[in-house]
Amino acid sequence: MTQEEGDQEQPQQQQENGTDAMVEDAQVNERLTPKQEKHIIKEIDQACTLHEGDTWYILEMRWWKQWKGYVKYDDRYDFDEDSQFSSWNPYPRPSQIDNEELVDSELNLRKNMVESIDFILLPSEIWMKLSGWYGGGPPLPRKVITYGYGKNLMVETKPLTLKVVRSTKLNEIHTVRYSKATPVLTLKNECCKMMSINPEQVRVWDFHTGQKFKLLTNENDRLDESQIIDEQMILIEEKLASGEWPEDTSTSSYRSSSSSSSMYGSSSYSYSSSYSYYDNYGNRSGAPTQKGVTGLSNLGNTCFMNSSLQCLSNTAPLTEYFLANAHLRDINSDNPLGCGGKLAEEYGKLVQEIWSGSYSSVAPRNFKHRLERFATQFAGYQQHDSQELLAFLLDGLHEDLNRVTKKPYVETTESNGRPDDIVAAEAWSGHKSRNNSIIVDYFQGQLKSTLVCPKCDRVSVTFDPFMYLSLPLPMQTTRIIPITLYFLDPLKVPIKYGVTISKVATIGELKKAISAMCGISHDALVVTDVYNSKFFKEFRDKDSVDDITERDVIHAYEISTPPDNGDHENWETVYIPVLLRREEITHSHYYGPQVRQVLFSTPFILSVSGMTNYEGLYRAILNQLKRTVDPNKFTTVAAAEAENQNQNGDGDEYNNKGRRKSTSGYESDSEDELPQVSHHRTENQVLRSAPSSNTPLFKIKRLSNYDERELHDDGRPLHLEDRQTLIIDWDARGLRQVFDEEKDRELTVDPTATVAQKESDEDQCSLEQCLDAFTTTERLGEDDLWYCNKCQLFVQATKKFDLWSLPSVLVIHLKRFSYLRKYWREKLETLVNYPTKGFDLSNHVLHGAAGDLPPIYDLYAVSNHYGSMGGGHYTAYAMNKDNKNWYKFDDNWTAPVSEKDVVTRSGYVLFYRLRGSEAIMPPIEPYVADPNANNNNTNTNNTNSSRTGHSSLNSIDSSDEDENIHSGLISNSINSRFFPRANQQSDTDSSCEMSDDDTPLTTVQTRNNTTPNNRHNENDNDGL
């Protein structure tokens, strides 16, 4: 049996055994209270940790959220006790678990399923409890494995799907699934068994894109260590009859991997290939239409990386530097803050392959594995942020190519009343004495940071380096909230308004704004959040409108109020939330056909006397629904049976729900099988007789303590409590007869709602407005205090940033991801109108741009993000450095694009080039290796060495340092976020040290110290 067959059989056995256990557990155990369930799961959750080899289970996210709401598991669903809806919970007890939509017929996760959005991972102990209480399934067990060099633990939700071919039968493809932790030897042996081949007579090739990529010689390596990725091909190559391996006559298509040893220390190597399988797993076989227009294969959620790489690849001066192999001259393998030069070397290989003009698409696998070796946060197959990747990559390249080998101690430079030019030059000189690379040459500028103490008015001015600008999107002080108003008069059609309100307003103020628009007293309005045909929350007057998110559906209901004479003592009216529910038949591969009760339509709030009886309540509900319900169309079951017998004479038997019983005993719910009769009653007859009839239109159930109790007509008062939820369970047959779905959807749209939608569609700003927001004076938060050495106190100082000097390559990060709510971050879809040409920053920069050029920039690349938080997709637009045409890069797919189409709401990271900067930079001289050198590190201990091929503007020689300072010489710099040790004397506590076997002892981390770009505790990395 192959592993694929075994994997299929084992989940099936687990499914059957697990289902039996669930049923038995559900039968034996009495139903626990929500509080008890919450306590049990919380205790298990707090004690659970990941261990290699443990089994975890996949659970459908909607079910999990429903259960969390039912038990009030956390603060997100824990409603305040003084809430007006405190006596009810909008989350009823969940039905049985249903994971079927997550998987295919073989119980493999569907490709579009995303963790934390579509499903959640639970320890086996929690799964067993939940499945025992609720039943359902199917069980989806997954193993905990290690990954990456740090041996991090992860639950492997999606094993590798591989397509295995045999060298003598290339047209036969075998699809198998293996864990990433599976050794190559296991893959080889089981594939040989499946194909009836002697394992001693074969060898295994990484057959990516249908050509020999790499021979997997170290059979003890795991598949992930061998760089095997999902959906790729594996070649089982057999020996010839002569006992020799097949002769190879063609050249391997992946030249960048032609090394004698892999990066994992194994003896895997690239080889010429005589096989060229005609597949559709990439289009690397053909040459691109233009050099540099080369796609990058998605290796598994690596679109974020591909987007940033394409933008950097089209950064002309950086690419020319790597194409000329000039980076080999600057490799600093001894820098403890770098990656031993390995990251720069691998990036250089990738750039050279992209610009070779030989391939229309390449797979950046070696670069990916080299990257995650030094930054374990990028290991595995999780989605990340393109700006986060870009920041680390530029930082890593800088440290690998830093021409400074011994960093001197540099103190922080403050103005102390001196001219800005002198202070800025000193700060830049100190920074340059520690940081001098191609990245510094092109990507860095300086910010002027001004802090003012509110107590003693002390002013502190410093000049800090930056590598990119993170610009906030300007926020408006008001917002327009779409609100649908439902009137007390049930015949009035609901009206949708667009209510303009301050962002810091309360719900009480919102109600007054609604009142001004509709003429209803604000005291007679209830504002609610409706979700999935149920009330999610009723807002109190003191609540903030900030609690209403852009995705919330807000309804306002008019309710009856006490008379003006103030006779409140005899006022017995209570306000009852009413939910509508009906039966639906669903067909499930796992469960078969099922009848489910689902909520539908819009819930409403009923104003009724708390002492009413069942008939009074029934009449009040029916009256509230009379705009959408026509009782005249209702036909009694008794009349239907009589009419049917008279017409057909076949004596078919019907159950008490009006469904005809077949000879097999199955009760049909098909509308075609219902008796077609035309016996009608008047509305008055329905109102009088329906409650006492054997066939009411609906049943009324009271939701109390998370249980449903049906109300019965005994003639006595019901003693209804205020805000006590009722559920209306409709008779399926009656609902189809009397409910008018078109009238239910009827809605009057006020012009203000149209304006609200239009303003939402036209929500846009200019890039200059973003810069204005960035340079606006702001007060530090209470958790971001500044120490004033004059007052000797931590204070909430005011802080202002100004652009002092700008680099030749200006990278702008638009902060689209912000904490707008207390529970989660949201993406801002504002259209930022960023210019593609002639972006003039003269009014924003205090000193100037590189080389004293006018600060006018032209756009050449954009990293795009589509979608929302927690997912989405990254692409790139870039202008080719050779033909100056724009192209779209979407993983391995490329296409020409018009320049006017590159400005979109998805623009996330913008790349600008200083106009005319190519003229001030000397040409880069190609590097020629010295045959007498025993290593490629030619750096000296000169901390300010000037090199051929690098701008003299960026090399401040110590002999004329004073002259340069006093002349105000300012060039580019680097963001201090990435160099927290800039003011320390030693770098012995390195972020990354290499052992003798080229394995990192510790991992390079992005250094997130407080910096000018960090805008005070706002973490804007996507973190997807």
# chains A, B, ... in the order shown; residues from 1 in each chain; ligands from 1

$ select_by_dssp --residues "stretch 147-381 of chain A" --states "alpha helix (DSSP H)" --output "VMD selection string"
chain A and resid 184 to 195 303 to 313 316 to 323 327 to 330 342 to 354 365 to 374

$ residues_around --residues "stretch 107-118 of chain A" --least-positions-apart "4" --cutoff "6 Å" --atoms "only C-alpha atoms" --output "PyMOL selection string"
chain A and resi 61+102-103

$ atom_distance --atom1 "atom CA of A:Asp54" --atom2 "atom CA of A:Val144"
5.4 Å

$ closest_atom_pairs --of "stretch 852-918 of chain A" --to "stretch 350-364 of chain A" --cutoff "10 Å" --atoms "only C-alpha atoms" --output "JSON lines"
{"residue": "A:Asp891", "atom": "CA", "partner": "A:Ser361", "partner_atom": "CA", "distance": 8.7}
{"residue": "A:Asn892", "atom": "CA", "partner": "A:Ser361", "partner_atom": "CA", "distance": 5.4}
{"residue": "A:Trp893", "atom": "CA", "partner": "A:Ser361", "partner_atom": "CA", "distance": 7.7}
{"residue": "A:Thr894", "atom": "CA", "partner": "A:Ser360", "partner_atom": "CA", "distance": 8.3}

$ write_last_selection --atoms "C-alpha atoms" --output "compact mmCIF listing (two decimals), in the first residue's frame"
# COMPACT_ATOMS: atom_id res chain seq x y z
CA ASP A 891 3.37 35.58 -9.77
CA ASN A 892 4.52 33.73 -12.93
CA TRP A 893 2.11 35.66 -15.17
CA THR A 894 3.24 38.89 -16.84

$ closest_residue --among "A:Asp552, A:Glu742, A:Lys193, A:Phe487" --to "A:Gln624" --atoms "only C-alpha atoms"
A:Phe487

$ atom_distance --atom1 "atom CA of A:Gly53" --atom2 "atom CA of A:Pro138"
21.1 Å

$ closest_residue --among "A:Phe889, A:Phe213, A:Phe774, A:Tyr575" --to "A:Glu721" --atoms "only C-alpha atoms"
A:Tyr575

$ residues_around --residues "A:Ser313" --least-positions-apart "4" --cutoff "12 Å" --atoms "only C-alpha atoms" --output "ChimeraX atom specification"
/A:291-296,305-309,317-323,347-355,390,860-862,876-881,889,911

$ atom_distance --atom1 "atom CA of A:Ser449" --atom2 "atom CA of A:Leu814"
20.2 Å
